[in-house]
>>> print(open('coords.txt').read())   # compact mmCIF, C-alpha atoms
# COMPACT_ATOMS: atom_id res chain seq x y z
CA MET A 1 95.31 -112.82 16.35
CA ALA A 2 94.40 -113.21 12.65
CA GLU A 3 96.88 -116.02 12.03
CA ARG A 4 95.37 -118.06 14.89
CA ARG A 5 91.93 -118.15 13.28
CA LYS A 6 90.94 -121.21 11.28
CA THR A 7 89.85 -120.44 7.71
CA HIS A 8 88.76 -122.55 4.75
CA ALA A 9 87.26 -122.03 1.31
CA THR A 10 83.50 -122.58 1.19
CA PHE A 11 80.81 -122.58 -1.49
CA ALA A 12 79.95 -118.95 -0.68
CA ASN A 13 83.46 -117.49 -0.09
CA ALA A 14 87.01 -118.23 -1.22
CA GLU A 15 88.22 -117.68 2.36
CA SER A 16 85.80 -118.05 5.27
CA SER A 17 86.41 -117.92 9.03
CA ARG A 18 85.56 -121.28 10.59
CA THR A 19 85.98 -120.08 14.19
CA HIS A 20 84.81 -117.17 16.32
CA SER A 21 87.35 -114.66 17.63
CA PHE A 22 86.99 -113.65 21.29
CA THR A 23 89.03 -110.82 22.87
CA LYS A 24 88.65 -109.45 26.39
CA LEU A 25 90.11 -106.06 27.32
CA ARG A 26 90.49 -105.01 30.95
CA ILE A 27 90.57 -101.25 31.41
CA ARG A 28 91.81 -99.54 34.56
CA THR A 29 91.47 -95.79 35.18
CA SER A 30 91.49 -93.49 38.16
CA CYS A 31 87.67 -93.75 38.19
CA GLY A 32 87.67 -97.53 38.38
CA GLU A 33 87.99 -100.51 36.11
CA GLY A 34 85.90 -102.43 33.63
CA GLU A 35 85.98 -104.98 30.83
CA ILE A 36 85.14 -104.96 27.14
CA SER A 37 84.51 -108.27 25.38
CA LEU A 38 84.88 -108.16 21.60
CA VAL A 39 83.60 -111.05 19.49
CA ASP A 40 84.14 -111.37 15.73
CA LEU A 41 81.73 -114.10 14.65
CA ALA A 42 82.24 -116.69 11.96
CA GLY A 43 79.59 -116.28 9.27
CA SER A 44 76.49 -118.46 9.35
CA GLU A 45 75.72 -120.59 6.30
CA ARG A 46 72.49 -121.61 4.68
CA ASN A 47 71.83 -125.25 3.87
CA LYS A 48 72.30 -124.76 0.15
CA ASP A 49 75.68 -123.06 0.73
CA SER A 50 77.00 -126.04 2.71
CA ALA A 51 75.39 -128.79 0.58
CA HIS A 52 78.64 -129.43 -1.34
CA HIS A 53 80.90 -129.51 1.73
CA ASP A 54 82.64 -132.65 2.92
CA VAL A 55 81.74 -134.17 6.29
CA SER A 56 84.22 -132.08 8.31
CA ARG A 57 83.07 -128.78 6.71
CA GLN A 58 79.42 -129.70 7.32
CA LYS A 59 80.19 -130.42 10.99
CA GLU A 60 81.92 -127.04 11.26
CA SER A 61 78.92 -125.30 9.69
CA ALA A 62 76.55 -127.05 12.10
CA LEU A 63 78.64 -126.02 15.13
CA ILE A 64 78.93 -122.43 13.90
CA ASN A 65 75.19 -122.11 13.27
CA SER A 66 74.41 -123.73 16.63
CA SER A 67 76.59 -121.29 18.58
CA LEU A 68 75.17 -118.33 16.63
CA MET A 69 71.63 -119.41 17.49
CA ALA A 70 72.58 -119.67 21.17
CA LEU A 71 74.17 -116.20 21.06
CA LYS A 72 71.15 -114.71 19.30
CA GLU A 73 68.83 -116.09 21.95
CA CYS A 74 70.97 -114.75 24.81
CA VAL A 75 71.32 -111.27 23.28
CA ARG A 76 67.58 -111.14 22.58
CA LYS A 77 66.78 -112.11 26.19
CA LYS A 78 69.24 -109.47 27.41
CA GLN A 79 67.59 -106.74 25.32
CA GLU A 80 64.13 -107.84 26.48
CA LYS A 81 65.35 -107.79 30.12
CA ALA A 82 64.21 -111.38 30.58
CA GLY A 83 64.75 -112.94 33.98
CA TYR A 84 66.67 -116.01 32.82
CA ILE A 85 69.28 -115.96 30.06
CA PRO A 86 70.45 -119.41 28.80
CA PHE A 87 74.17 -118.52 28.58
CA ARG A 88 75.23 -122.15 29.19
CA SER A 89 73.92 -123.19 25.75
CA SER A 90 77.33 -122.93 24.03
CA GLU A 91 81.01 -122.34 24.74
CA LEU A 92 80.77 -118.87 23.18
CA THR A 93 77.91 -117.72 25.41
CA ARG A 94 79.64 -119.19 28.49
CA LEU A 95 82.63 -116.95 27.75
CA LEU A 96 80.22 -114.00 27.64
CA LYS A 97 78.57 -114.89 30.95
CA PRO A 98 79.49 -111.53 32.65
CA VAL A 99 77.74 -109.67 29.83
CA PHE A 100 74.51 -111.60 30.32
CA THR A 101 74.46 -111.85 34.12
CA SER A 102 75.56 -108.37 35.19
CA ASP A 103 72.96 -105.61 35.57
CA ASN A 104 75.61 -102.99 34.74
CA SER A 105 76.67 -104.51 31.41
CA LYS A 106 75.66 -103.29 27.97
CA CYS A 107 75.54 -105.26 24.75
CA ALA A 108 75.86 -104.01 21.16
CA VAL A 109 75.62 -105.91 17.87
CA ILE A 110 77.30 -104.68 14.67
CA ALA A 111 75.84 -106.26 11.52
CA THR A 112 78.06 -106.38 8.44
CA VAL A 113 76.17 -106.15 5.15
CA SER A 114 77.15 -105.72 1.51
CA PRO A 115 75.84 -103.11 -0.96
CA GLY A 116 76.25 -105.60 -3.82
CA ALA A 117 73.07 -106.91 -5.47
CA THR A 118 74.48 -110.45 -5.58
CA ASP A 119 74.76 -110.45 -1.76
CA CYS A 120 71.25 -109.07 -1.21
CA GLU A 121 69.84 -112.30 0.24
CA HIS A 122 72.76 -112.71 2.68
CA SER A 123 72.52 -109.05 3.79
CA LEU A 124 68.77 -109.29 4.40
CA ASN A 125 69.27 -112.47 6.41
CA THR A 126 71.89 -110.67 8.53
CA LEU A 127 69.53 -107.73 9.13
CA GLN A 128 66.73 -110.09 10.17
CA HIS A 129 68.97 -111.71 12.79
CA ALA A 130 70.20 -108.31 14.01
CA LEU A 131 66.61 -107.10 14.45
CA LEU A 132 65.69 -110.24 16.39
CA MET A 133 68.73 -109.75 18.65
CA SER A 134 67.72 -106.15 19.32
CA GLY A 135 64.43 -107.33 20.80
CA ARG A 136 62.35 -105.81 17.98
CA ASN A 137 58.94 -107.31 17.33
CA SER A 138 58.29 -109.72 14.48
CA GLU A 139 56.66 -106.89 12.49
CA SER A 140 60.05 -105.30 11.85
CA VAL A 141 61.52 -108.61 10.75
CA CYS A 142 58.60 -109.20 8.37
CA THR A 143 59.18 -105.71 6.91
CA ILE A 144 62.78 -106.61 6.11
CA PHE A 145 61.63 -109.89 4.56
CA GLU A 146 59.10 -108.06 2.37
CA MET A 147 61.83 -105.62 1.31
CA GLY A 148 63.89 -108.57 0.17
CA ARG A 149 61.02 -109.90 -1.92
CA LYS A 150 60.33 -106.43 -3.34
CA PHE A 151 63.91 -105.71 -4.42
CA GLU A 152 64.84 -109.21 -5.54
CA LEU A 153 66.35 -109.12 -9.03
CA PRO A 154 64.38 -110.86 -11.82
CA GLU A 155 67.44 -112.99 -12.61
CA GLU A 156 67.60 -114.16 -8.99
CA LYS A 157 63.90 -115.03 -9.04
CA LYS A 158 64.34 -117.05 -12.22
CA GLU A 159 67.38 -118.87 -10.85
CA LYS A 160 65.61 -119.68 -7.56
CA GLU A 161 62.60 -121.01 -9.45
CA ARG A 162 64.82 -123.08 -11.75
CA VAL A 163 66.71 -124.62 -8.80
CA ARG A 164 63.48 -125.31 -6.90
CA GLN A 165 61.77 -126.88 -9.91
CA SER A 166 64.81 -128.99 -10.85
CA SER A 167 64.78 -130.65 -7.42
CA LEU A 168 60.99 -131.08 -7.19
CA ALA A 169 59.40 -134.23 -8.63
CA PRO A 170 56.93 -133.34 -11.44
CA VAL A 171 54.19 -135.25 -9.60
CA LYS A 172 54.40 -132.54 -6.90
CA TRP A 173 54.23 -129.58 -9.30
CA SER A 174 51.46 -127.07 -8.77
CA LYS A 175 49.50 -125.67 -11.69
CA GLU A 176 51.84 -122.64 -11.60
CA ASP A 177 54.88 -124.96 -11.81
CA VAL A 178 53.36 -126.75 -14.80
CA ALA A 179 52.66 -123.45 -16.57
CA SER A 180 56.21 -122.24 -15.87
CA TRP A 181 57.77 -125.49 -17.10
CA LEU A 182 55.73 -125.52 -20.32
CA LYS A 183 56.57 -121.88 -20.94
CA GLY A 184 60.26 -122.77 -20.92
CA ILE A 185 59.76 -125.81 -23.20
CA ASP A 186 57.05 -124.70 -25.62
CA PRO A 187 55.03 -121.54 -24.85
CA LEU A 188 52.46 -122.42 -27.53
CA CYS A 189 51.52 -125.78 -25.96
CA LYS A 190 48.00 -125.45 -24.55
CA VAL A 191 47.08 -127.90 -21.79
CA PRO A 192 43.75 -127.60 -19.91
CA PHE A 193 43.68 -124.69 -17.45
CA GLY A 194 44.57 -125.74 -13.92
CA THR A 195 46.58 -128.84 -14.93
CA ASP A 196 48.92 -129.77 -12.07
CA GLY A 197 51.82 -132.21 -11.86
CA LYS A 198 49.73 -135.26 -10.97
CA GLN A 199 47.64 -134.75 -14.09
CA LEU A 200 50.56 -133.80 -16.35
CA ILE A 201 52.59 -136.98 -15.75
CA ARG A 202 49.59 -139.03 -16.94
CA PHE A 203 49.63 -137.31 -20.35
CA SER A 204 50.53 -139.65 -23.21
CA CYS A 205 52.59 -138.55 -26.20
CA SER A 206 49.42 -138.26 -28.30
CA ARG A 207 47.87 -136.03 -25.61
CA PHE A 208 50.81 -133.62 -25.91
CA VAL A 209 50.51 -133.72 -29.71
CA GLN A 210 46.85 -132.71 -29.32
CA ALA A 211 47.89 -129.87 -26.97
CA CYS A 212 50.31 -128.69 -29.69
CA GLN A 213 47.52 -128.41 -32.29
CA GLY A 214 48.44 -131.73 -33.92
CA ASP A 215 52.19 -131.00 -34.27
CA ALA A 216 53.71 -134.46 -33.67
CA GLU A 217 57.29 -133.19 -33.46
CA ARG A 218 56.56 -130.59 -30.78
CA GLY A 219 54.30 -132.93 -28.81
CA GLY A 220 56.90 -135.72 -28.89
CA ARG A 221 59.64 -133.32 -27.77
CA ILE A 222 57.59 -132.16 -24.76
CA PHE A 223 56.71 -135.77 -23.84
CA GLU A 224 60.38 -136.84 -23.97
CA ASN A 225 61.45 -133.76 -22.00
CA LEU A 226 58.96 -134.59 -19.25
CA ARG A 227 60.20 -138.20 -19.05
CA LYS A 228 63.82 -136.98 -18.82
CA THR A 229 62.86 -134.49 -16.08
CA ILE A 230 61.20 -137.27 -14.06
CA ALA A 231 64.27 -139.52 -14.49
CA ASN A 232 66.73 -136.73 -13.60
CA VAL A 233 64.88 -135.77 -10.42
CA LYS A 234 64.71 -139.44 -9.40
CA ALA A 235 68.45 -139.91 -10.06
CA LYS A 236 69.31 -136.73 -8.15
CA GLY A 237 67.21 -137.84 -5.18
CA GLU A 238 68.92 -141.24 -5.14
CA ALA A 239 72.37 -139.57 -5.36
CA ASN A 240 71.52 -137.28 -2.43
CA ARG A 241 70.35 -140.25 -0.35
CA ASN A 242 73.55 -142.17 -1.17
CA HIS A 243 75.65 -139.12 -0.25
CA ALA A 244 73.81 -138.80 3.07
CA ARG A 245 74.34 -142.51 3.81
CA LEU A 246 78.07 -142.26 2.99
CA ALA A 247 78.45 -139.13 5.13
CA ASN A 248 76.66 -140.81 8.02
CA ARG A 249 78.83 -143.92 7.62
CA ALA A 250 82.00 -141.81 7.54
CA SER A 251 80.89 -140.00 10.69
CA GLN A 252 80.24 -143.32 12.46
CA LEU A 253 83.64 -144.71 11.41
CA SER A 254 85.32 -141.51 12.62
CA SER A 255 83.61 -141.88 16.01
CA VAL A 256 84.67 -145.54 16.27
CA LYS A 257 88.28 -144.65 15.45
CA SER A 258 88.27 -141.88 18.08
CA ILE A 259 86.86 -144.24 20.71
CA SER A 260 89.39 -146.95 19.82
CA ALA A 261 92.28 -144.50 20.04
CA LYS A 262 91.05 -143.32 23.44
CA GLU A 263 90.75 -146.90 24.70
CA ARG A 264 94.30 -147.66 23.53
CA ARG A 265 95.65 -144.61 25.36
CA GLU A 266 93.81 -145.58 28.54
CA ALA A 267 95.13 -149.15 28.27
CA MET A 268 98.68 -147.90 27.84
CA GLY A 269 98.26 -145.62 30.82
CA GLN A 270 97.15 -148.56 32.96
>>> encode(input="coords.txt", output="structure tokens")
Amino acid sequence: MAERRKTHATFANAESSRTHSFTKLRIRTSCGEGEISLVDLAGSERNKDSAHHDVSRQKESALINSSLMALKECVRKKQEKAGYIPFRSSELTRLLKPVFTSDNSKCAVIATVSPGATDCEHSLNTLQHALLMSGRNSESVCTIFEMGRKFELPEEKKEKERVRQSSLAPVKWSKEDVASWLKGIDPLCKVPFGTDGKQLIRFSCSRFVQACQGDAERGGRIFENLRKTIANVKAKGEANRNHARLANRASQLSSVKSISAKERREAMGQ
């Protein structure tokens, strides 16, 4: 069974399952017979984990996440004893139709989490989905989310803030973002309290020198750093847009090639 599963390296894991595994066992005893359906799911991926994938990997991630969302909705409806369960939403849930349509069936979800601190965010995300599937109220899910915020490592917080700030244009910075950025560049630079990104980008070099108590070298360094940050964010945004256009173009070309191949086969058949 294992050798039939499709795996590939991803940003998050060196070897990741790119398909779900579905096994159905039919059991016969003297008391009667029944079925057990076992499903080993491919792992879901966050947007930032799949950002560096090529077009085919991104399509796989989208299909995996789509089928997982459909399964989550069906299991949640089953636990809530809802009248209608949308099992036709994906191929996976169609295979599990007897589980969702029979009154005598039972459904169990096993969530796999990691004790490692580096996998904390992934584990909390898994627990949130498991709680939603179990039919728990949103209060339980919020509790798990708050736990994640409470036990988040300082290094993880700093890295998240660095990544967020590096992709956000300075003009959109809040006053907290400005304070954080200046703290990393020059903690002794004193700009007016409450200065946000819109105000900061209007500062001239001489204004930064004034904020640095007349130190021209420090003020000039901060001014140049801000200009570089603005240019880098602009260049990164343009690169992301170009990547999206190329990916979209590649997808369109792939569709055209598939259609052309199909037309040729049909023509040959005629």
>>> atom_distance(input="coords.txt", atom1="atom CA of Ala239 of chain A", atom2="atom CA of Asn65 of chain A")
25.7 Å
>>> closest_residue(input="coords.txt", among="A:Lys97, A:Arg218, A:Lys198, A:His243", to="Trp173 of chain A", atoms="all atoms listed in the file")
A:Lys198
>>> atom_distance(input="coords.txt", atom1="atom CA of Arg57 of chain A", atom2="atom CA of Asn240 of chain A")
17.0 Å
>>> residues_near_point(input="coords.txt", point="(49.1, -128.3, -28.4)", cutoff="7 Å", atoms="all atoms listed in the file", output="VMD selection string")
chain A and resid 188 to 191 208 to 214 219
>>> atom_distance(input="coords.txt", atom1="atom CA of Ile36 of chain A", atom2="atom CA of His122 of chain A")
28.5 Å
>>> closest_residue(input="coords.txt", among="A:Ser90, A:Ser102, A:Gln58, A:Ser21", to="Lys72 of chain A", atoms="only C-alpha atoms")
A:Ser90
>>> closest_residue(input="coords.txt", among="A:His20, A:Lys172, A:Arg245, A:Arg221", to="Val55 of chain A", atoms="only C-alpha atoms")
A:Arg245
>>> residues_around(input="coords.txt", residues="Ala231 of chain A", least_positions_apart="6", cutoff="10 Å", atoms="all atoms listed in the file", output="VMD selection string")
chain A and resid 169 225 237
